[in-house]
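What follows is a short report on a single structure.
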Amino acid sequence: MKDPVPDPLPEGLHIDVSVEAGDWLAEEQLTELADKAIAAALSAVELDVVPGSEVSLLFTDDESIRVLNHKWRDKDKATNVLSFPGSTPQEDVYGPLLGDIVFAYETVRREARELGIEFSDHLTHLTVHGLLHLFDYDHQDDDEAELMESLERTILASIGIDDPYSDRPLVADGE
């Protein structure tokens, strides 16, 4: 069931992909993965964005994300993904700056190996997870976690990726 026809990105949505550090996929591949994951998330969850909105994805390493995690979350350790929401939504419409999502190569690679899944599938999951955080979804309590995980399952299934939570603990956001 891999590679179903992806949903198109909303008109004018710009995804800025930057590789700062780490042995990531080629930028073209990262952009393709991000386009697919973000389009599926926006479509499946019916998230509204201002035309011409932008989301920034930074691909870096454990050391850089550790610094960010310490500064912004007071956790002095690397994590797989961090999300930094942009502008405040107006009547549940987000944008024009959706925010920034930052990924740590070593942690993402290690988790994919430990979980026995494709690196690109895990990175796609973390992209969806990070994007949902930009839209105020969270997993701080059981009800929030259940809703967010359910949305992630639905989104990932729509693009042919298996349930990331089947028989596994939550790993996104360094949990």
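Ordering of the structure tokens sets the chain letters (A, B, ...), residue numbers begin anew at 1 in every chain, and ligands are numbered from 1 in the order given.
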
### Message
With DSSP run on the backbone, what are the helix (DSSP H, G or I) residues within chain A? I'd like them as a VMD selection string.
### Response
chain A and resid 27 to 44 62 to 73 105 to 115 119 to 134 142 to 158 172 to 174

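Every protein or nucleic acid residue with an atom no more than 12 Å from Pro51 (chain A), counting only C-alpha atoms and leaving out same-chain residues fewer than 6 positions away, appears here: Leu9, Pro10, Glu11, Gly12, Leu13, His14, Val93, Tyr94, Gly95, Pro96, Leu97 and Leu98 of chain A.
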
### Task
Please provide the set of residues having any atom within 10 Å of region 124-128 of chain A, restricted to only C-alpha atoms, with same-chain residues fewer than 6 positions apart removed, written as a ChimeraX atom specification.
/A:30,33-42,57,80-83,101-103,108,118,134,151-153,155-156,159,161-164,171-173

The selected residues should be written to file as an mmCIF file, in the first residue's frame (atoms: N, CA and C atoms).
data_model
loop_
_atom_site.group_PDB
_atom_site.id
_atom_site.type_symbol
_atom_site.label_atom_id
_atom_site.label_comp_id
_atom_site.auth_asym_id
_atom_site.auth_seq_id
_atom_site.Cartn_x
_atom_site.Cartn_y
_atom_site.Cartn_z
ATOM 1 N N LEU A 30 14.336 15.217 1.192
ATOM 2 C CA LEU A 30 13.722 15.756 2.407
ATOM 3 C C LEU A 30 12.520 16.627 2.051
ATOM 4 N N LEU A 33 9.631 14.338 0.990
ATOM 5 C CA LEU A 33 9.063 13.701 2.174
ATOM 6 C C LEU A 33 8.203 14.698 2.948
ATOM 7 N N ALA A 34 8.724 15.904 3.144
ATOM 8 C CA ALA A 34 7.998 16.941 3.884
ATOM 9 C C ALA A 34 6.711 17.327 3.164
ATOM 10 N N ASP A 35 6.782 17.526 1.858
ATOM 11 C CA ASP A 35 5.591 17.872 1.076
ATOM 12 C C ASP A 35 4.497 16.829 1.275
ATOM 13 N N LYS A 36 4.871 15.571 1.157
ATOM 14 C CA LYS A 36 3.917 14.468 1.268
ATOM 15 C C LYS A 36 3.306 14.407 2.674
ATOM 16 N N ALA A 37 4.157 14.487 3.699
ATOM 17 C CA ALA A 37 3.687 14.389 5.080
ATOM 18 C C ALA A 37 2.788 15.567 5.452
ATOM 19 N N ILE A 38 3.203 16.757 5.078
ATOM 20 C CA ILE A 38 2.453 17.966 5.446
ATOM 21 C C ILE A 38 1.134 18.045 4.682
ATOM 22 N N ALA A 39 1.152 17.708 3.400
ATOM 23 C CA ALA A 39 -0.091 17.699 2.626
ATOM 24 C C ALA A 39 -1.086 16.707 3.209
ATOM 25 N N ALA A 40 -0.600 15.519 3.573
ATOM 26 C CA ALA A 40 -1.484 14.501 4.152
ATOM 27 C C ALA A 40 -2.057 14.973 5.480
ATOM 28 N N ALA A 41 -1.227 15.591 6.303
ATOM 29 C CA ALA A 41 -1.692 16.070 7.611
ATOM 30 C C ALA A 41 -2.734 17.167 7.456
ATOM 31 N N LEU A 42 -2.451 18.134 6.613
ATOM 32 C CA LEU A 42 -3.384 19.247 6.435
ATOM 33 C C LEU A 42 -4.710 18.764 5.863
ATOM 34 N N LEU A 57 11.559 23.762 8.148
ATOM 35 C CA LEU A 57 12.068 22.505 8.684
ATOM 36 C C LEU A 57 13.590 22.586 8.705
ATOM 37 N N ASN A 80 14.286 13.921 19.400
ATOM 38 C CA ASN A 80 14.147 13.660 17.972
ATOM 39 C C ASN A 80 13.604 14.849 17.189
ATOM 40 N N VAL A 81 12.598 15.540 17.760
ATOM 41 C CA VAL A 81 11.959 16.644 17.050
ATOM 42 C C VAL A 81 11.484 17.698 18.049
ATOM 43 N N LEU A 82 11.626 18.945 17.661
ATOM 44 C CA LEU A 82 11.098 20.067 18.418
ATOM 45 C C LEU A 82 10.257 20.918 17.481
ATOM 46 N N SER A 83 9.180 21.477 18.019
ATOM 47 C CA SER A 83 8.311 22.357 17.237
ATOM 48 C C SER A 83 8.214 23.704 17.924
ATOM 49 N N ILE A 101 10.073 23.448 12.648
ATOM 50 C CA ILE A 101 10.212 22.080 13.146
ATOM 51 C C ILE A 101 11.680 21.710 12.972
ATOM 52 N N VAL A 102 12.292 21.217 14.055
ATOM 53 C CA VAL A 102 13.717 20.897 14.053
ATOM 54 C C VAL A 102 13.879 19.408 14.351
ATOM 55 N N PHE A 103 14.738 18.742 13.582
ATOM 56 C CA PHE A 103 14.978 17.305 13.714
ATOM 57 C C PHE A 103 16.448 17.042 14.039
ATOM 58 N N VAL A 108 16.950 10.447 15.429
ATOM 59 C CA VAL A 108 15.982 9.891 14.478
ATOM 60 C C VAL A 108 16.507 8.577 13.905
ATOM 61 N N GLU A 118 11.771 1.782 8.552
ATOM 62 C CA GLU A 118 12.518 2.586 7.593
ATOM 63 C C GLU A 118 12.759 3.984 8.159
ATOM 64 N N LEU A 134 2.445 22.349 15.865
ATOM 65 C CA LEU A 134 2.290 23.725 15.400
ATOM 66 C C LEU A 134 0.820 24.146 15.369
ATOM 67 N N LEU A 151 -4.787 10.872 15.334
ATOM 68 C CA LEU A 151 -4.602 11.690 14.134
ATOM 69 C C LEU A 151 -3.358 11.245 13.363
ATOM 70 N N GLU A 152 -2.280 10.979 14.073
ATOM 71 C CA GLU A 152 -1.054 10.533 13.415
ATOM 72 C C GLU A 152 -1.274 9.223 12.678
ATOM 73 N N ARG A 153 -1.971 8.284 13.309
ATOM 74 C CA ARG A 153 -2.260 7.003 12.660
ATOM 75 C C ARG A 153 -3.044 7.222 11.362
ATOM 76 N N ILE A 155 -3.320 9.962 9.487
ATOM 77 C CA ILE A 155 -2.510 10.669 8.490
ATOM 78 C C ILE A 155 -1.513 9.720 7.846
ATOM 79 N N LEU A 156 -0.790 8.983 8.669
ATOM 80 C CA LEU A 156 0.240 8.090 8.132
ATOM 81 C C LEU A 156 -0.377 6.968 7.292
ATOM 82 N N ILE A 159 -0.997 7.773 3.684
ATOM 83 C CA ILE A 159 0.158 7.778 2.764
ATOM 84 C C ILE A 159 0.931 6.460 2.822
ATOM 85 N N ILE A 161 1.866 4.410 5.448
ATOM 86 C CA ILE A 161 2.843 4.122 6.497
ATOM 87 C C ILE A 161 2.113 3.454 7.660
ATOM 88 N N ASP A 162 2.696 2.357 8.139
ATOM 89 C CA ASP A 162 2.100 1.579 9.218
ATOM 90 C C ASP A 162 1.976 2.382 10.505
ATOM 91 N N ASP A 163 1.066 1.931 11.357
ATOM 92 C CA ASP A 163 0.810 2.529 12.663
ATOM 93 C C ASP A 163 2.108 2.591 13.469
ATOM 94 N N PRO A 164 2.576 3.797 13.785
ATOM 95 C CA PRO A 164 3.835 3.912 14.516
ATOM 96 C C PRO A 164 3.699 3.545 15.990
ATOM 97 N N VAL A 171 7.434 7.658 21.018
ATOM 98 C CA VAL A 171 8.831 8.084 20.982
ATOM 99 C C VAL A 171 8.972 9.514 20.508
ATOM 100 N N ALA A 172 7.941 10.083 19.972
ATOM 101 C CA ALA A 172 8.052 11.432 19.423
ATOM 102 C C ALA A 172 8.270 12.453 20.533
ATOM 103 N N ASP A 173 8.986 13.489 20.189
ATOM 104 C CA ASP A 173 9.270 14.596 21.096
ATOM 105 C C ASP A 173 10.076 14.159 22.304
#

### Message
Could you go through region 21-133 of chain A and tell me which residues DSSP, when run on the backbone, assigns to strand (DSSP E), listing them as a VMD selection string?
### Response
chain A and resid 48 to 49 54 to 60 81 to 85 93 to 94 97 to 104

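Among the candidate residues A:Arg109, A:Arg66, A:Lys75, A:His139, the one lying nearest to Asp121 (chain A) is A:Arg109, with distances computed using only C-alpha atoms.
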
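When only C-alpha atoms are used to measure the gap to Leu68 (chain A), the shortest distance among A:Ala104, A:Arg113, A:Leu132, A:Ser43 belongs to A:Ala104.
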
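Going from CA of Asp61 (chain A) to CA of Lys77 (chain A) covers 11.9 Å.
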
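Separating CA of Ala112 (chain A) from CA of Met148 (chain A) is a distance of 20.1 Å.
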
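Relative to CA of Asp138 (chain A), CA of Gly22 (chain A) is found at 27.1 Å.
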